[in-house]
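Participant: So that we are looking at the same thing, I have put the structure below in C-alpha cells.
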Amino acid sequence: MTSQNTKQFLLSLPKWILICALIGILSGSASAFFLVSLEWVTQFRIQHNWIIWLLPFGGLLVGLSYYYWGESVVKGNNLLLEEYEKPKKVIPFKMAPLVLLGTLLTHLFGGSAGREGTAVQMGGAIADQFTKIFNLDNAERRILIILGISAGFASVFGTPLAGAVFALEVLYFSKINFKSILLSFVVAYAAYFTVEFWKIKHTHYSIPVVPELNFDTIFYTILVGLLSGLAALLFSRSTHFWGSLFSKNIKYPPLRPVIGGVVLAAAIAGLGFTKFSGLGVPVIVDSFSNPSEWYDFLLKILFTGFTLGAGFKGGEVTPLFFVGATLGSALSIFIPMPIALLAGVGFVSVFSGATHTPIACTIMGMELFGIQPGIFIALGCTIAYFSSGSVGIYKSQIVKGAKYKLYQRFQKKELQNL
C-alpha cells in the first residue's frame with residue numbers, strides 16, 4: 001500500500017467504521033429477530049405436527065410472494081455473488097423481508113431447510129442500501145456486499161471469526177484489499193455482539209475427548225474428510241437437480257412449492273420422517289453422543305434438496321451440518337475414534353466441501369469445538385474441499401485456486417483420452 005493509498009484509507013476509515021457499526025447493528029438485530037421467530041415456529045410445529053399437512057399451502061404463499069413481489073431477488077445468495085463480481089444495481093431491500101417470511105413459512109410447515117441463507121441475504125440487502133446513502137462507487141459497493149455476508153453469517157451462527165473469513169473466502173478473495181479484510185472482521189464482531197446484546201443463545205457443541213495425532217488417527221480423519229467431500233458433492237448436485245427438474249416441468253413458479261409441498265407432507269408426516277423437517281438441530285446434538293443411523297445423512301440430503309429445489313426458502317448450511325455430523329457419527333461404528341470428534345469433523349467438513357471455504361470452516365470448527373481438535377478439523381475440511389467436485393451449493397460462486405487447477409488438470413487428461 002503506497003503512502004497516498006494509506007492516507008486515503010485513513011481518511012475514509014471513520015466513514016467505514018460508522019458503516020460497519022450500522023450494518024452490524026441492523027443485521028445483527030434482524031438475525032436476532034429471525035432466530036427468535038424461527039425458534040417459535042419450530043416449537044409450534046413440534047407441538048402441532050398436523051400442521052405439516054398444510055405444507056402445500058405454505059408453499060403456495062412462498063411461491064406467490066416471490067412470483068409477484070420477489071422476481072428480482074429470487075436468486076438469493078447467488079444474486080449477492082453476481083452483484084459482487086459484476087455490479088449492476090443495488091439489491092432491493094425487499095429481499096430481506098421476503099426471505100425472512102419465506103424461511104419462517106418453510107420451517108413452520110415442516111420443510112427441510114437451513115437459516116444461513118436468510119441471514120446472509122438480509123445482511124446483504126441491508127448493507128447494499130448504504131450505496132445510495134453514502135454515494136458509493138462499484139468498488140466500494142463490493143465492500144458493502146462483503147460486509148453484509150460477514151454480518152449475516154457471524155450473527156446467525158455466533159462465529160464472528162468464521163463469518164468474517166467466510167465472506168472473503170466464498171468470493172475467493174476476488175478484488176479484495178486490506179480495507180475489505182479489516183472491515184469484514186469489524187462488522188462481524190459488531191453483528192455478533194448485537195445478537196449477544198439481544199440475549200440470543202446459540203447451540204453449543206462439545207468434543208470432550210481428542211486422541212493423539214498419529215498415523216492411524218490421520219488416516220481415519222482423511223477418510224472422514226473424503227467421505228464428507230463426496231456427501232457435499234451429492235448434496236450440491238441434489239439441490240441443483242431438483243431445482244432444474246421443477247423449473248423445466250412446472251412452468252408456473254408458484255405451483256412448484258405447492259406440488260413439492262404435497263410430496264414432502266406425505267413423506268414427512270405420512271411416513272413419519274419428521275426428524276428431517278426444519279433445521280434438525282436436536283438430531284445434530286444427539287449425533288455427538290449416540291451413533292446415527294447410516295441412512296440419516298442421505299435422507300437429509302434428499303429432503304433438503306427437494307425442499308429448496310421446489311422453491312421453498314431457507315439456507316443450506318445447517319442441513320450440511322446435519323449431513324456431516326450424522327455421517328461422522330454413523331462412521332463411529334467402524335472407525336475407532338471418539339464419536340464426538342467424528343461428528344465434529346464431519347459437521348464442518350461437509351460444509352467446507354459444499355461451499356469451497358476450507359479456511360472459514362476450519363476456523364468455525366475451532367470456534368465451536370475449541371482449539372484442541374483443530375488439526376483434525378483442518379485436515380478433514382481440506383480433504384473435503386478437494387474431493388467435493390467443482391460445483392458447490394452456490395452456482396454463481398467462482399472457484400479458483402488449487403482446487404480449480406486440480407480439476408482443470410483432470411479435465412485435460414479426460415479430453416486427451418478421448
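Letters A, B, ... mark the chains of the C-alpha cells in the order given; residue numbers begin at 1 per chain; ligand numbers begin at 1, in order shown.
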Within 9 Å of region 72-77 of chain A, counting only C-alpha atoms, which residues show up once you throw out same-chain ones fewer than 2 positions away? Write them as a short mmCIF file (atom, residue, chain, number, x, y, z; two decimals) with C-alpha atoms, in the first residue's frame, please.
Facilitator:
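What landed in selection.cif:
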data_model
loop_
_atom_site.label_atom_id
_atom_site.label_comp_id
_atom_site.auth_asym_id
_atom_site.auth_seq_id
_atom_site.Cartn_x
_atom_site.Cartn_y
_atom_site.Cartn_z
CA TYR A 66 -41.78 -14.33 -4.86
CA TYR A 67 -43.72 -14.50 -8.14
CA TRP A 69 -43.01 -9.24 -5.47
CA GLY A 70 -39.69 -11.03 -5.47
CA LEU A 79 -27.58 -12.65 -6.51
CA LEU A 80 -25.12 -11.38 -3.89
CA LEU A 81 -22.26 -13.25 -5.58
CA GLU A 82 -23.27 -11.97 -9.02
CA ILE A 91 -30.01 -5.13 -4.29
CA PRO A 92 -33.65 -4.30 -3.47
CA LYS A 94 -37.39 -6.26 -0.20
CA MET A 95 -35.02 -9.24 -0.35
CA LEU A 98 -39.26 -11.75 1.60
CA VAL A 99 -36.58 -14.26 2.55
CA GLY A 117 -29.11 -18.11 3.55
CA THR A 118 -31.77 -16.00 5.22
CA VAL A 120 -26.81 -13.60 4.66
CA GLN A 121 -29.49 -12.30 2.30
CA GLY A 124 -26.58 -8.25 2.06
CA TYR A 394 -23.84 -21.63 -4.95
CA SER A 396 -22.66 -18.28 -9.16
#
Participant: Using only C-alpha atoms, determine which residues lie at most 8 Å from Phe376 (chain A), disregarding the query and same-chain residues fewer than 4 positions distant; provide the list as a PyMOL selection string.
Facilitator: chain A and resi 218+221+345+380
Participant: Store the residues of this selection in a file with all heavy atoms, as a PDB file, in the first residue's frame.
Facilitator:
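Saved result, selection14.pdb, follows:
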ATOM      1  N   ILE A 218      -4.659 -39.902  11.719  1.00  0.00           N
ATOM      2  CA  ILE A 218      -4.558 -39.098  10.491  1.00  0.00           C
ATOM      3  C   ILE A 218      -5.254 -39.815   9.338  1.00  0.00           C
ATOM      4  O   ILE A 218      -6.021 -39.203   8.573  1.00  0.00           O
ATOM      5  CB  ILE A 218      -3.081 -38.821  10.142  1.00  0.00           C
ATOM      6  CG1 ILE A 218      -2.469 -37.860  11.159  1.00  0.00           C
ATOM      7  CG2 ILE A 218      -2.960 -38.239   8.724  1.00  0.00           C
ATOM      8  CD1 ILE A 218      -0.984 -37.636  10.971  1.00  0.00           C
ATOM      9  N   THR A 221      -9.022 -39.646   9.776  1.00  0.00           N
ATOM     10  CA  THR A 221      -9.524 -38.294   9.536  1.00  0.00           C
ATOM     11  C   THR A 221      -9.567 -37.992   8.042  1.00  0.00           C
ATOM     12  O   THR A 221     -10.520 -37.368   7.560  1.00  0.00           O
ATOM     13  CB  THR A 221      -8.642 -37.253  10.252  1.00  0.00           C
ATOM     14  OG1 THR A 221      -8.580 -37.562  11.644  1.00  0.00           O
ATOM     15  CG2 THR A 221      -9.209 -35.846  10.077  1.00  0.00           C
ATOM     16  N   VAL A 345     -15.847 -33.302  13.052  1.00  0.00           N
ATOM     17  CA  VAL A 345     -15.087 -33.198  11.795  1.00  0.00           C
ATOM     18  C   VAL A 345     -16.035 -33.247  10.600  1.00  0.00           C
ATOM     19  O   VAL A 345     -15.921 -32.457   9.655  1.00  0.00           O
ATOM     20  CB  VAL A 345     -14.027 -34.310  11.698  1.00  0.00           C
ATOM     21  CG1 VAL A 345     -13.405 -34.349  10.302  1.00  0.00           C
ATOM     22  CG2 VAL A 345     -12.943 -34.105  12.749  1.00  0.00           C
ATOM     23  N   GLY A 380      -9.689 -32.570   7.881  1.00  0.00           N
ATOM     24  CA  GLY A 380     -10.968 -33.006   7.312  1.00  0.00           C
ATOM     25  C   GLY A 380     -11.531 -31.990   6.333  1.00  0.00           C
ATOM     26  O   GLY A 380     -12.006 -32.348   5.244  1.00  0.00           O
TER      27      GLY A 380
END
Participant: Counting only C-alpha atoms, what is within 12 Å of Trp50 (chain A), bar same-chain residues fewer than 2 positions away, as a list in words?
Facilitator: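 Final neighbour list, sorted by chain and number: Phe44, Arg45, Ile46, Gln47, His48, Ile52, Trp53, Leu54, Leu55, Leu108, Phe109, Gly110, Ala265, Ala266, Ile268, Ala269, Gly270, Gly272 and Thr274 of chain A.
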Participant: Residues of region 285-360 of chain A that approach region 222-228 of chain A to 10 Å or less, counting only C-alpha atoms: could you list each one with the shortest pair of atoms and its distance in Å to one decimal, rows by chain and increasing residue number, as a Markdown table?
Facilitator:
| residue | atom | partner | partner_atom | distance |
| --- | --- | --- | --- | --- |
| A:Leu320 | CA | A:Ser228 | CA | 9.9 |
| A:Val323 | CA | A:Ser228 | CA | 8.6 |
| A:Gly324 | CA | A:Ser228 | CA | 6.4 |
| A:Ala325 | CA | A:Ser228 | CA | 9.6 |
| A:Leu327 | CA | A:Ser228 | CA | 7.6 |
| A:Gly328 | CA | A:Val224 | CA | 6.9 |
| A:Leu331 | CA | A:Val224 | CA | 8.1 |
| A:Ile335 | CA | A:Val224 | CA | 9.2 |
| A:Leu342 | CA | A:Val224 | CA | 7.5 |
| A:Ala343 | CA | A:Val224 | CA | 9.6 |
| A:Val345 | CA | A:Val224 | CA | 7.6 |
| A:Gly346 | CA | A:Ser228 | CA | 6.1 |
| A:Phe347 | CA | A:Ser228 | CA | 8.7 |
| A:Val348 | CA | A:Ser228 | CA | 9.0 |
| A:Ser349 | CA | A:Ser228 | CA | 5.9 |
| A:Val350 | CA | A:Ser228 | CA | 4.8 |
| A:Phe351 | CA | A:Ser228 | CA | 8.5 |
| A:Ser352 | CA | A:Ser228 | CA | 8.9 |
| A:Gly353 | CA | A:Ser228 | CA | 7.4 |
| A:Ala354 | CA | A:Ser228 | CA | 9.4 |
Participant: Can I get the selection written as a compact mmCIF listing (two decimals), in the first residue's frame, with N, CA, C and O atoms?
Facilitator:
# COMPACT_ATOMS: atom_id res chain seq x y z
N LEU A 320 -26.33 -28.96 5.96
CA LEU A 320 -24.99 -29.50 5.73
C LEU A 320 -24.36 -29.95 7.04
O LEU A 320 -23.67 -30.98 7.09
N VAL A 323 -25.96 -33.24 7.82
CA VAL A 323 -25.40 -34.30 6.97
C VAL A 323 -24.04 -34.73 7.48
O VAL A 323 -23.74 -35.92 7.65
N GLY A 324 -23.16 -33.75 7.75
CA GLY A 324 -21.81 -34.06 8.18
C GLY A 324 -21.74 -34.70 9.55
O GLY A 324 -21.00 -35.67 9.77
N ALA A 325 -22.52 -34.17 10.49
CA ALA A 325 -22.50 -34.70 11.86
C ALA A 325 -23.04 -36.12 11.92
O ALA A 325 -22.46 -37.00 12.59
N LEU A 327 -23.20 -38.25 9.41
CA LEU A 327 -22.28 -39.12 8.68
C LEU A 327 -21.11 -39.51 9.57
O LEU A 327 -20.77 -40.70 9.69
N GLY A 328 -20.48 -38.53 10.22
CA GLY A 328 -19.37 -38.82 11.12
C GLY A 328 -19.79 -39.70 12.28
O GLY A 328 -19.06 -40.63 12.67
N LEU A 331 -20.18 -43.26 11.23
CA LEU A 331 -18.88 -43.89 10.98
C LEU A 331 -18.20 -44.34 12.27
O LEU A 331 -17.25 -45.14 12.22
N ILE A 335 -15.06 -46.74 12.74
CA ILE A 335 -13.80 -46.05 12.93
C ILE A 335 -13.50 -45.89 14.43
O ILE A 335 -14.31 -45.31 15.16
N LEU A 342 -15.59 -37.40 15.50
CA LEU A 342 -16.01 -37.77 14.15
C LEU A 342 -17.20 -36.92 13.69
O LEU A 342 -17.24 -36.46 12.55
N ALA A 343 -18.16 -36.72 14.59
CA ALA A 343 -19.31 -35.89 14.27
C ALA A 343 -18.88 -34.45 14.01
O ALA A 343 -19.36 -33.79 13.07
N VAL A 345 -15.85 -33.30 13.05
CA VAL A 345 -15.09 -33.20 11.79
C VAL A 345 -16.03 -33.25 10.60
O VAL A 345 -15.92 -32.46 9.65
N GLY A 346 -17.00 -34.17 10.63
CA GLY A 346 -17.98 -34.25 9.55
C GLY A 346 -18.83 -32.99 9.47
O GLY A 346 -19.13 -32.49 8.38
N PHE A 347 -19.20 -32.45 10.61
CA PHE A 347 -20.02 -31.24 10.75
C PHE A 347 -19.49 -30.11 9.86
O PHE A 347 -20.22 -29.51 9.07
N VAL A 348 -18.19 -29.80 10.00
CA VAL A 348 -17.61 -28.68 9.26
C VAL A 348 -17.03 -29.09 7.90
O VAL A 348 -16.94 -28.27 6.99
N SER A 349 -16.66 -30.36 7.75
CA SER A 349 -16.03 -30.80 6.51
C SER A 349 -17.02 -30.82 5.35
O SER A 349 -16.68 -30.42 4.22
N VAL A 350 -18.24 -31.29 5.58
CA VAL A 350 -19.24 -31.29 4.52
C VAL A 350 -19.55 -29.85 4.10
O VAL A 350 -19.68 -29.54 2.91
N PHE A 351 -19.63 -28.97 5.07
CA PHE A 351 -19.83 -27.55 4.80
C PHE A 351 -18.68 -26.99 3.96
O PHE A 351 -18.89 -26.25 2.99
N SER A 352 -17.46 -27.37 4.30
CA SER A 352 -16.28 -26.93 3.56
C SER A 352 -16.35 -27.36 2.10
O SER A 352 -16.08 -26.57 1.18
N GLY A 353 -16.71 -28.61 1.88
CA GLY A 353 -16.77 -29.13 0.52
C GLY A 353 -17.87 -28.49 -0.31
O GLY A 353 -17.67 -28.23 -1.50
N ALA A 354 -19.00 -28.20 0.30
CA ALA A 354 -20.15 -27.67 -0.45
C ALA A 354 -20.02 -26.19 -0.76
O ALA A 354 -20.67 -25.69 -1.68
Participant: Which residues are near region 385-387 of chain A? Cut-off 7 Å, only C-alpha atoms, ignore same chain within fewer than 2 positions. Put them as a list of chain:residue names.
Facilitator: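 Selected residues are A:Leu226, A:Gly229, A:Leu230, A:Ser352, A:Gly353, A:His356, A:Pro358, A:Cys381, A:Thr382, A:Ile383, A:Gly389, A:Lys403.
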